[in-house]
Structure formats: C-alpha cells, structure tokens
>>> print(open('start-v1.txt').read())   # compact mmCIF, C-alpha atoms
# COMPACT_ATOMS: atom_id res chain seq x y z
CA LEU A 13 87.08 90.79 124.62
CA VAL A 14 84.74 92.73 122.34
CA GLY A 15 82.95 95.41 124.34
CA LYS A 16 85.39 95.05 127.25
CA ARG A 17 88.43 97.03 128.33
CA ALA A 18 91.52 96.03 126.38
CA PRO A 19 94.09 94.32 128.60
CA ASP A 20 96.79 96.88 129.41
CA PHE A 21 100.49 96.15 129.04
CA THR A 22 103.90 97.75 129.13
CA VAL A 23 106.34 96.20 126.72
CA LYS A 24 109.63 96.69 124.90
CA ALA A 25 109.30 97.66 121.25
CA PHE A 26 111.41 98.36 118.22
CA HIS A 27 110.29 101.63 116.61
CA GLN A 28 112.03 104.16 114.36
CA ASN A 29 115.33 102.28 114.69
CA LYS A 30 115.21 102.57 118.50
CA PHE A 31 114.19 100.42 121.45
CA LYS A 32 111.33 101.91 123.44
CA ASP A 33 108.93 101.06 126.23
CA ILE A 34 105.29 101.26 125.18
CA ARG A 35 102.30 101.20 127.51
CA LEU A 36 98.93 100.64 125.86
CA SER A 37 97.06 102.82 128.38
CA SER A 38 99.30 105.78 127.44
CA LEU A 39 97.48 105.78 124.09
CA LYS A 40 94.09 106.45 125.71
CA GLY A 41 92.28 109.01 123.57
CA LYS A 42 93.52 107.36 120.34
CA TRP A 43 92.30 104.47 118.27
CA VAL A 44 94.67 101.50 118.26
CA VAL A 45 95.02 98.51 115.96
CA LEU A 46 96.96 95.59 117.44
CA ALA A 47 98.13 93.15 114.78
CA PHE A 48 99.33 89.88 116.34
CA TYR A 49 101.43 87.52 114.21
CA PRO A 50 103.39 84.31 114.87
CA ALA A 51 107.03 85.21 114.28
CA ASP A 52 109.66 87.30 112.51
CA PHE A 53 111.60 85.79 109.58
CA THR A 54 108.62 83.72 108.44
CA PHE A 55 106.44 83.50 105.35
CA VAL A 56 102.97 85.06 105.61
CA CYS A 57 103.96 87.55 108.33
CA PRO A 58 106.18 89.80 106.18
CA THR A 59 103.44 90.04 103.54
CA GLU A 60 100.99 91.28 106.17
CA LEU A 61 103.34 93.66 107.95
CA SER A 62 104.46 95.09 104.62
CA ARG A 63 100.81 95.71 103.74
CA PHE A 64 100.21 97.41 107.10
CA ALA A 65 103.23 99.59 106.26
CA ASP A 66 101.66 100.43 102.88
CA PHE A 67 98.42 101.51 104.60
CA TYR A 68 100.03 103.10 107.67
CA LYS A 69 99.50 106.64 106.37
CA SER A 70 95.78 105.90 105.85
CA PHE A 71 95.48 104.62 109.42
CA ARG A 72 97.35 107.65 110.79
CA GLU A 73 95.04 110.01 108.85
CA LEU A 74 92.17 108.43 110.82
CA GLY A 75 94.04 109.07 114.09
CA VAL A 76 94.92 105.39 114.52
CA GLU A 77 98.14 103.91 115.90
CA VAL A 78 99.02 100.52 114.45
CA MET A 79 101.26 98.20 116.47
CA SER A 80 102.37 94.70 115.59
CA VAL A 81 102.85 92.05 118.29
CA SER A 82 104.78 88.78 118.21
CA THR A 83 106.61 86.63 120.73
CA ASP A 84 109.94 87.72 119.26
CA THR A 85 112.25 90.07 121.17
CA GLU A 86 112.84 93.68 120.21
CA PHE A 87 116.32 92.54 119.11
CA ALA A 88 114.82 90.06 116.62
CA HIS A 89 112.53 92.82 115.32
CA LYS A 90 115.55 95.05 114.72
CA ALA A 91 117.51 92.27 113.01
CA TRP A 92 114.53 91.56 110.73
CA TRP A 93 114.12 95.29 110.00
CA ASP A 94 117.86 95.59 109.24
CA ASN A 95 117.84 92.61 106.86
CA SER A 96 114.56 92.91 104.96
CA SER A 97 113.65 95.69 102.53
CA VAL A 98 109.98 94.73 102.97
CA ILE A 99 110.12 95.08 106.77
CA LYS A 100 112.27 98.23 106.53
CA LYS A 101 109.12 100.05 105.28
CA ILE A 102 107.51 99.65 108.72
CA GLN A 103 107.04 102.91 110.61
CA PHE A 104 104.80 101.57 113.39
CA PRO A 105 106.01 100.06 116.69
CA MET A 106 106.85 96.35 116.64
CA LEU A 107 106.05 95.06 120.12
CA ALA A 108 108.12 92.32 121.76
CA ASP A 109 106.24 89.70 123.80
CA PRO A 110 108.82 86.91 124.37
CA THR A 111 107.02 85.65 127.50
CA GLY A 112 103.66 85.56 125.70
CA LYS A 113 102.04 87.68 128.43
CA ILE A 114 100.25 90.01 125.98
CA CYS A 115 99.28 87.14 123.68
CA LYS A 116 97.83 85.22 126.63
CA SER A 117 95.81 88.22 127.81
CA TYR A 118 94.32 88.65 124.33
CA GLY A 119 93.70 84.93 123.82
CA THR A 120 96.12 84.48 120.90
CA TYR A 121 98.87 82.41 122.56
CA ILE A 122 99.60 78.92 121.22
CA GLU A 123 100.93 77.22 124.36
CA ASN A 124 102.73 74.27 122.74
CA GLU A 125 104.44 76.51 120.15
CA GLY A 126 105.21 79.65 122.14
CA LEU A 127 103.78 81.70 119.26
CA SER A 128 100.73 83.85 118.63
CA LEU A 129 97.81 83.15 116.37
CA ARG A 130 97.23 85.71 113.64
CA ALA A 131 94.83 88.25 115.19
CA THR A 132 93.67 91.84 114.89
CA PHE A 133 92.08 93.97 117.60
CA ILE A 134 90.58 97.43 117.16
CA ILE A 135 90.56 99.45 120.39
CA ASP A 136 88.62 102.71 120.73
CA PRO A 137 89.85 105.92 122.42
CA ASP A 138 88.27 104.80 125.72
CA GLY A 139 90.33 101.59 125.68
CA ILE A 140 87.39 99.34 124.73
CA VAL A 141 87.86 96.52 122.20
CA ARG A 142 85.50 97.15 119.29
CA SER A 143 86.63 94.37 116.95
CA ALA A 144 88.52 91.11 117.37
CA ASP A 145 89.54 88.76 114.57
CA ILE A 146 91.57 85.65 115.41
CA HIS A 147 92.36 82.93 112.92
CA ASP A 148 94.70 80.14 111.91
CA ASN A 149 98.27 81.16 111.08
CA SER A 150 98.05 79.72 107.57
CA ILE A 151 95.54 82.42 106.56
CA GLY A 152 96.79 85.94 105.91
CA ARG A 153 94.52 88.81 106.86
CA SER A 154 93.26 91.60 104.60
CA VAL A 155 94.69 94.93 105.71
CA LYS A 156 92.12 96.66 103.50
CA GLU A 157 89.41 94.96 105.57
CA VAL A 158 91.08 96.04 108.82
CA LEU A 159 91.09 99.63 107.52
CA ARG A 160 87.42 99.32 106.48
CA LYS A 161 86.45 98.01 109.93
CA MET A 162 88.43 100.83 111.52
CA GLN A 163 86.61 103.41 109.40
CA ALA A 164 83.26 101.83 110.32
CA ALA A 165 84.07 101.73 114.05
CA LYS A 166 85.13 105.36 113.97
CA TYR A 167 82.05 106.41 111.99
CA VAL A 168 79.66 104.66 114.37
CA ARG A 169 81.35 106.27 117.38
CA GLU A 170 81.10 109.74 115.82
CA HIS A 171 77.51 109.29 114.58
CA GLY A 172 75.64 107.85 117.56
CA GLY A 173 72.60 105.84 116.65
CA GLU A 174 73.81 104.95 113.16
CA VAL A 175 75.14 101.54 112.14
CA CYS A 176 77.12 100.35 109.14
CA PRO A 177 75.51 97.65 106.98
CA VAL A 178 77.24 94.78 105.21
CA GLU A 179 80.42 95.74 103.33
CA TRP A 180 79.91 99.40 104.23
CA GLU A 181 82.69 101.68 103.03
CA ALA A 182 83.41 105.29 103.94
CA GLY A 183 80.94 107.63 102.25
CA GLN A 184 78.24 105.02 101.79
CA LYS A 185 74.78 105.13 103.34
CA THR A 186 74.38 103.93 106.92
CA LEU A 187 71.30 102.76 108.80
CA ARG A 188 69.48 104.24 111.78
CA PRO A 189 67.94 101.29 113.63
CA GLY A 190 64.32 101.64 114.63
CA ILE A 191 60.90 100.12 114.33
CA GLY A 192 60.50 101.62 110.86
CA LEU A 193 63.26 99.38 109.49
CA VAL A 194 61.92 96.12 110.91
CA GLY A 195 61.19 93.74 108.03
CA LYS A 196 62.12 96.32 105.39
CA ILE A 197 65.77 95.47 104.87
>>> encode(input="start-v1.txt", output="structure tokens")
Amino acid sequence: LVGKRAPDFTVKAFHQNKFKDIRLSSLKGKWVVLAFYPADFTFVCPTELSRFADFYKSFRELGVEVMSVSTDTEFAHKAWWDNSSVIKKIQFPMLADPTGKICKSYGTYIENEGLSLRATFIIDPDGIVRSADIHDNSIGRSVKEVLRKMQAAKYVREHGGEVCPVEWEAGQKTLRPGIGLVGKI
C-alpha cells in the first residue's frame, strides 16, 4: 500500500464516550495514523493503546489524527473503556471492524482467527499511505518510533527534496540527494 491511496472506509467508532460514524476520506487534508490491533481485553494491546494515549497530544500537535482499529464492535470498545483505567485514557477514536472489511483492505486480517495483525499505517493529507508496518501479534510496537516516523514523513513533505537519514529525529540534519553525495555517505 505504500505510495498508494489508502483504502477508504466508513465505520462505527467509540469516541469521547459516544458512538460515531467515521469516514476516512472525511479526514483528507490531515495526517492519519491507523493503529490496527488484534482485540480488546487482551494482553499486549492495552499496553500499546495506553502508550498511544500518552503520546496523543504530541500527535495532535503535529496535526495528526490517531485511530485504533480492531475487529471488535463499538460496544466492546465502550465496555473496555468503561472497565479499564488504562483504556479510559484514550481520547482518539476506536474503530469497530467486526466484519474485518477494513483489516482485509489493509492486508492485516487473519482469516482463520477473525482478528487483525498488529499494524501501523501513516497516511498523508492527500490520502496516500507513506508508511506501513505489519508484524506478528506477539510483538508490541514502539509508539515513540511511530511518532518519529510521523515527524519524518511530515518533514519530508514540507521540505521537498530533503530526506531523513537513519534514526533521524526532529531537529537533526537531513540530506539533499544528489550526485555530490554519491559515495560520500
């Protein structure tokens, strides 16, 4: 999906203690991070979603909307939010994909389990996927790394012609590709 238009969807969500309909294409003009996870009331998932909640303000300061996606219903999301102090910190929309339609369109669906792989997609304001990270459900992701990738993607978009080298962090030196750099890095 990297470099291609992000698959659009309209879905039920639990957000700010309400049920809402969310359409991805309605966020055109904004950066979006989609964080797919297997299921509510599990083990690694609350650690990740809690960490996204901790960094949510940092994402919002960059103009980014974070949304989590699992194959649970919006009702399960609310029940989890009601019963977990860790999940209660979440201020971003929790998307419900009980049919797996979104997961299938993003390539995260585990057919024989009816769950999603752990995955993160960064989508630019034009609706183009700029980063995709999909991995086994036993491995938790680094939200700090997602934020770093988001900062890099935003920087590159705003500074055409520049690229971010290995482990680049905001404020560090970037590169301007050209013949003068060939063999010198």
>>> residues_around(input="start-v1.txt", residues="region 186-190 of chain A", least_positions_apart="6", cutoff="10 Å", atoms="only C-alpha atoms", output="PDB file with C-alpha atoms, keeping the file's coordinate frame")
ATOM      1  CA  ALA A 164      83.260 101.830 110.320  1.00  0.00           C
ATOM      2  CA  TYR A 167      82.050 106.410 111.990  1.00  0.00           C
ATOM      3  CA  VAL A 168      79.660 104.660 114.370  1.00  0.00           C
ATOM      4  CA  HIS A 171      77.510 109.290 114.580  1.00  0.00           C
ATOM      5  CA  GLY A 172      75.640 107.850 117.560  1.00  0.00           C
ATOM      6  CA  GLY A 173      72.600 105.840 116.650  1.00  0.00           C
ATOM      7  CA  GLU A 174      73.810 104.950 113.160  1.00  0.00           C
ATOM      8  CA  VAL A 175      75.140 101.540 112.140  1.00  0.00           C
ATOM      9  CA  CYS A 176      77.120 100.350 109.140  1.00  0.00           C
ATOM     10  CA  PRO A 177      75.510  97.650 106.980  1.00  0.00           C
ATOM     11  CA  VAL A 178      77.240  94.780 105.210  1.00  0.00           C
ATOM     12  CA  TRP A 180      79.910  99.400 104.230  1.00  0.00           C
ATOM     13  CA  ILE A 197      65.770  95.470 104.870  1.00  0.00           C
TER      14      ILE A 197
END
>>> closest_residue(input="start-v1.txt", among="A:Leu127, A:Leu74, A:Val81, A:Ala144", to="Lys42 (chain A)", atoms="only C-alpha atoms")
A:Leu74
>>> closest_atom_pairs(input="start-v1.txt", of="region 78-115 of chain A", to="region 19-39 of chain A", cutoff="10 Å", atoms="only C-alpha atoms", output="tab-separated table")
residue	atom	partner	partner_atom	distance
A:Met79	CA	A:Ala25	CA	9.4
A:Ser80	CA	A:Ala25	CA	9.4
A:Val81	CA	A:Ala25	CA	9.0
A:Thr85	CA	A:Lys24	CA	8.0
A:Glu86	CA	A:Phe26	CA	5.3
A:Phe87	CA	A:Phe26	CA	7.7
A:Ala88	CA	A:Phe26	CA	9.1
A:His89	CA	A:Phe26	CA	6.4
A:Lys90	CA	A:Phe26	CA	6.4
A:Trp93	CA	A:Asn29	CA	8.5
A:Asp94	CA	A:Asn29	CA	9.0
A:Lys100	CA	A:Asn29	CA	9.6
A:Ile102	CA	A:Gln28	CA	8.5
A:Gln103	CA	A:Gln28	CA	6.4
A:Phe104	CA	A:His27	CA	6.4
A:Pro105	CA	A:His27	CA	4.6
A:Met106	CA	A:Phe26	CA	5.2
A:Leu107	CA	A:Ala25	CA	4.3
A:Ala108	CA	A:Ala25	CA	5.5
A:Asp109	CA	A:Val23	CA	7.1
A:Pro110	CA	A:Lys24	CA	9.8
A:Lys113	CA	A:Phe21	CA	8.6
A:Ile114	CA	A:Phe21	CA	6.9
>>> residues_around(input="start-v1.txt", residues="Trp92 (chain A)", least_positions_apart="4", cutoff="8 Å", atoms="only C-alpha atoms", output="PyMOL selection string")
chain A and resi 52-53+88+96+99
>>> residues_around(input="start-v1.txt", residues="Leu159 (chain A)", least_positions_apart="5", cutoff="9 Å", atoms="all atoms listed in the file", output="count of residues only")
5
>>> closest_residue(input="start-v1.txt", among="A:Thr132, A:Ser62, A:Asn149, A:Ser117", to="Met162 (chain A)", atoms="all atoms listed in the file")
A:Thr132
>>> closest_residue(input="start-v1.txt", among="A:Val44, A:Ile146, A:Ile122, A:Cys115", to="Ala165 (chain A)", atoms="only C-alpha atoms")
A:Val44
>>> atom_distance(input="start-v1.txt", atom1="CA of Arg160 (chain A)", atom2="CA of Glu179 (chain A)")
8.5 Å
>>> atom_distance(input="start-v1.txt", atom1="CA of Ala65 (chain A)", atom2="CA of Glu181 (chain A)")
20.9 Å
>>> atom_distance(input="start-v1.txt", atom1="CA of Glu77 (chain A)", atom2="CA of Leu46 (chain A)")
8.5 Å
>>> build_atoms(input="start-v1.txt", residues="region 73-90 of chain A", atoms="N, CA, C and O atoms", output="mmCIF file, keeping the file's coordinate frame")
data_model
loop_
_atom_site.group_PDB
_atom_site.id
_atom_site.type_symbol
_atom_site.label_atom_id
_atom_site.label_comp_id
_atom_site.auth_asym_id
_atom_site.auth_seq_id
_atom_site.Cartn_x
_atom_site.Cartn_y
_atom_site.Cartn_z
ATOM 1 N N GLU A 73 95.971 108.938 109.217
ATOM 2 C CA GLU A 73 95.040 110.010 108.850
ATOM 3 C C GLU A 73 93.718 109.877 109.602
ATOM 4 O O GLU A 73 93.013 110.866 109.789
ATOM 5 N N LEU A 74 93.372 108.662 110.023
ATOM 6 C CA LEU A 74 92.170 108.430 110.820
ATOM 7 C C LEU A 74 92.438 108.623 112.326
ATOM 8 O O LEU A 74 91.543 108.448 113.143
ATOM 9 N N GLY A 75 93.690 108.915 112.678
ATOM 10 C CA GLY A 75 94.040 109.070 114.090
ATOM 11 C C GLY A 75 94.287 107.741 114.776
ATOM 12 O O GLY A 75 94.079 107.615 115.981
ATOM 13 N N VAL A 76 94.729 106.748 114.013
ATOM 14 C CA VAL A 76 94.920 105.390 114.520
ATOM 15 C C VAL A 76 96.406 105.084 114.646
ATOM 16 O O VAL A 76 97.187 105.373 113.740
ATOM 17 N N GLU A 77 96.785 104.454 115.761
ATOM 18 C CA GLU A 77 98.140 103.910 115.900
ATOM 19 C C GLU A 77 98.068 102.420 115.651
ATOM 20 O O GLU A 77 97.256 101.728 116.243
ATOM 21 N N VAL A 78 98.884 101.948 114.749
ATOM 22 C CA VAL A 78 99.020 100.520 114.450
ATOM 23 C C VAL A 78 100.231 100.012 115.210
ATOM 24 O O VAL A 78 101.276 100.681 115.245
ATOM 25 N N MET A 79 100.113 98.844 115.818
ATOM 26 C CA MET A 79 101.260 98.200 116.470
ATOM 27 C C MET A 79 101.189 96.709 116.176
ATOM 28 O O MET A 79 100.123 96.100 116.291
ATOM 29 N N SER A 80 102.326 96.148 115.797
ATOM 30 C CA SER A 80 102.370 94.700 115.590
ATOM 31 C C SER A 80 102.893 94.049 116.867
ATOM 32 O O SER A 80 103.639 94.659 117.634
ATOM 33 N N VAL A 81 102.479 92.789 117.079
ATOM 34 C CA VAL A 81 102.850 92.050 118.290
ATOM 35 C C VAL A 81 103.228 90.626 117.907
ATOM 36 O O VAL A 81 102.455 89.945 117.239
ATOM 37 N N SER A 82 104.412 90.194 118.339
ATOM 38 C CA SER A 82 104.780 88.780 118.210
ATOM 39 C C SER A 82 105.570 88.388 119.455
ATOM 40 O O SER A 82 105.937 89.236 120.261
ATOM 41 N N THR A 83 105.854 87.101 119.580
ATOM 42 C CA THR A 83 106.610 86.630 120.730
ATOM 43 C C THR A 83 108.112 86.755 120.531
ATOM 44 O O THR A 83 108.891 86.281 121.349
ATOM 45 N N ASP A 84 108.518 87.433 119.473
ATOM 46 C CA ASP A 84 109.940 87.720 119.260
ATOM 47 C C ASP A 84 110.389 88.843 120.193
ATOM 48 O O ASP A 84 109.569 89.614 120.695
ATOM 49 N N THR A 85 111.692 88.973 120.380
ATOM 50 C CA THR A 85 112.250 90.070 121.170
ATOM 51 C C THR A 85 112.380 91.320 120.302
ATOM 52 O O THR A 85 112.318 91.248 119.071
ATOM 53 N N GLU A 86 112.588 92.441 120.944
ATOM 54 C CA GLU A 86 112.840 93.680 120.210
ATOM 55 C C GLU A 86 114.132 93.578 119.388
ATOM 56 O O GLU A 86 114.265 94.195 118.332
ATOM 57 N N PHE A 87 115.066 92.738 119.839
ATOM 58 C CA PHE A 87 116.320 92.540 119.110
ATOM 59 C C PHE A 87 116.069 91.786 117.801
ATOM 60 O O PHE A 87 116.646 92.111 116.764
ATOM 61 N N ALA A 88 115.194 90.795 117.843
ATOM 62 C CA ALA A 88 114.820 90.060 116.620
ATOM 63 C C ALA A 88 114.102 90.991 115.652
ATOM 64 O O ALA A 88 114.346 90.946 114.435
ATOM 65 N N HIS A 89 113.220 91.861 116.190
ATOM 66 C CA HIS A 89 112.530 92.820 115.320
ATOM 67 C C HIS A 89 113.536 93.711 114.601
ATOM 68 O O HIS A 89 113.414 93.954 113.402
ATOM 69 N N LYS A 90 114.540 94.190 115.333
ATOM 70 C CA LYS A 90 115.550 95.050 114.720
ATOM 71 C C LYS A 90 116.354 94.291 113.660
ATOM 72 O O LYS A 90 116.590 94.798 112.566
#
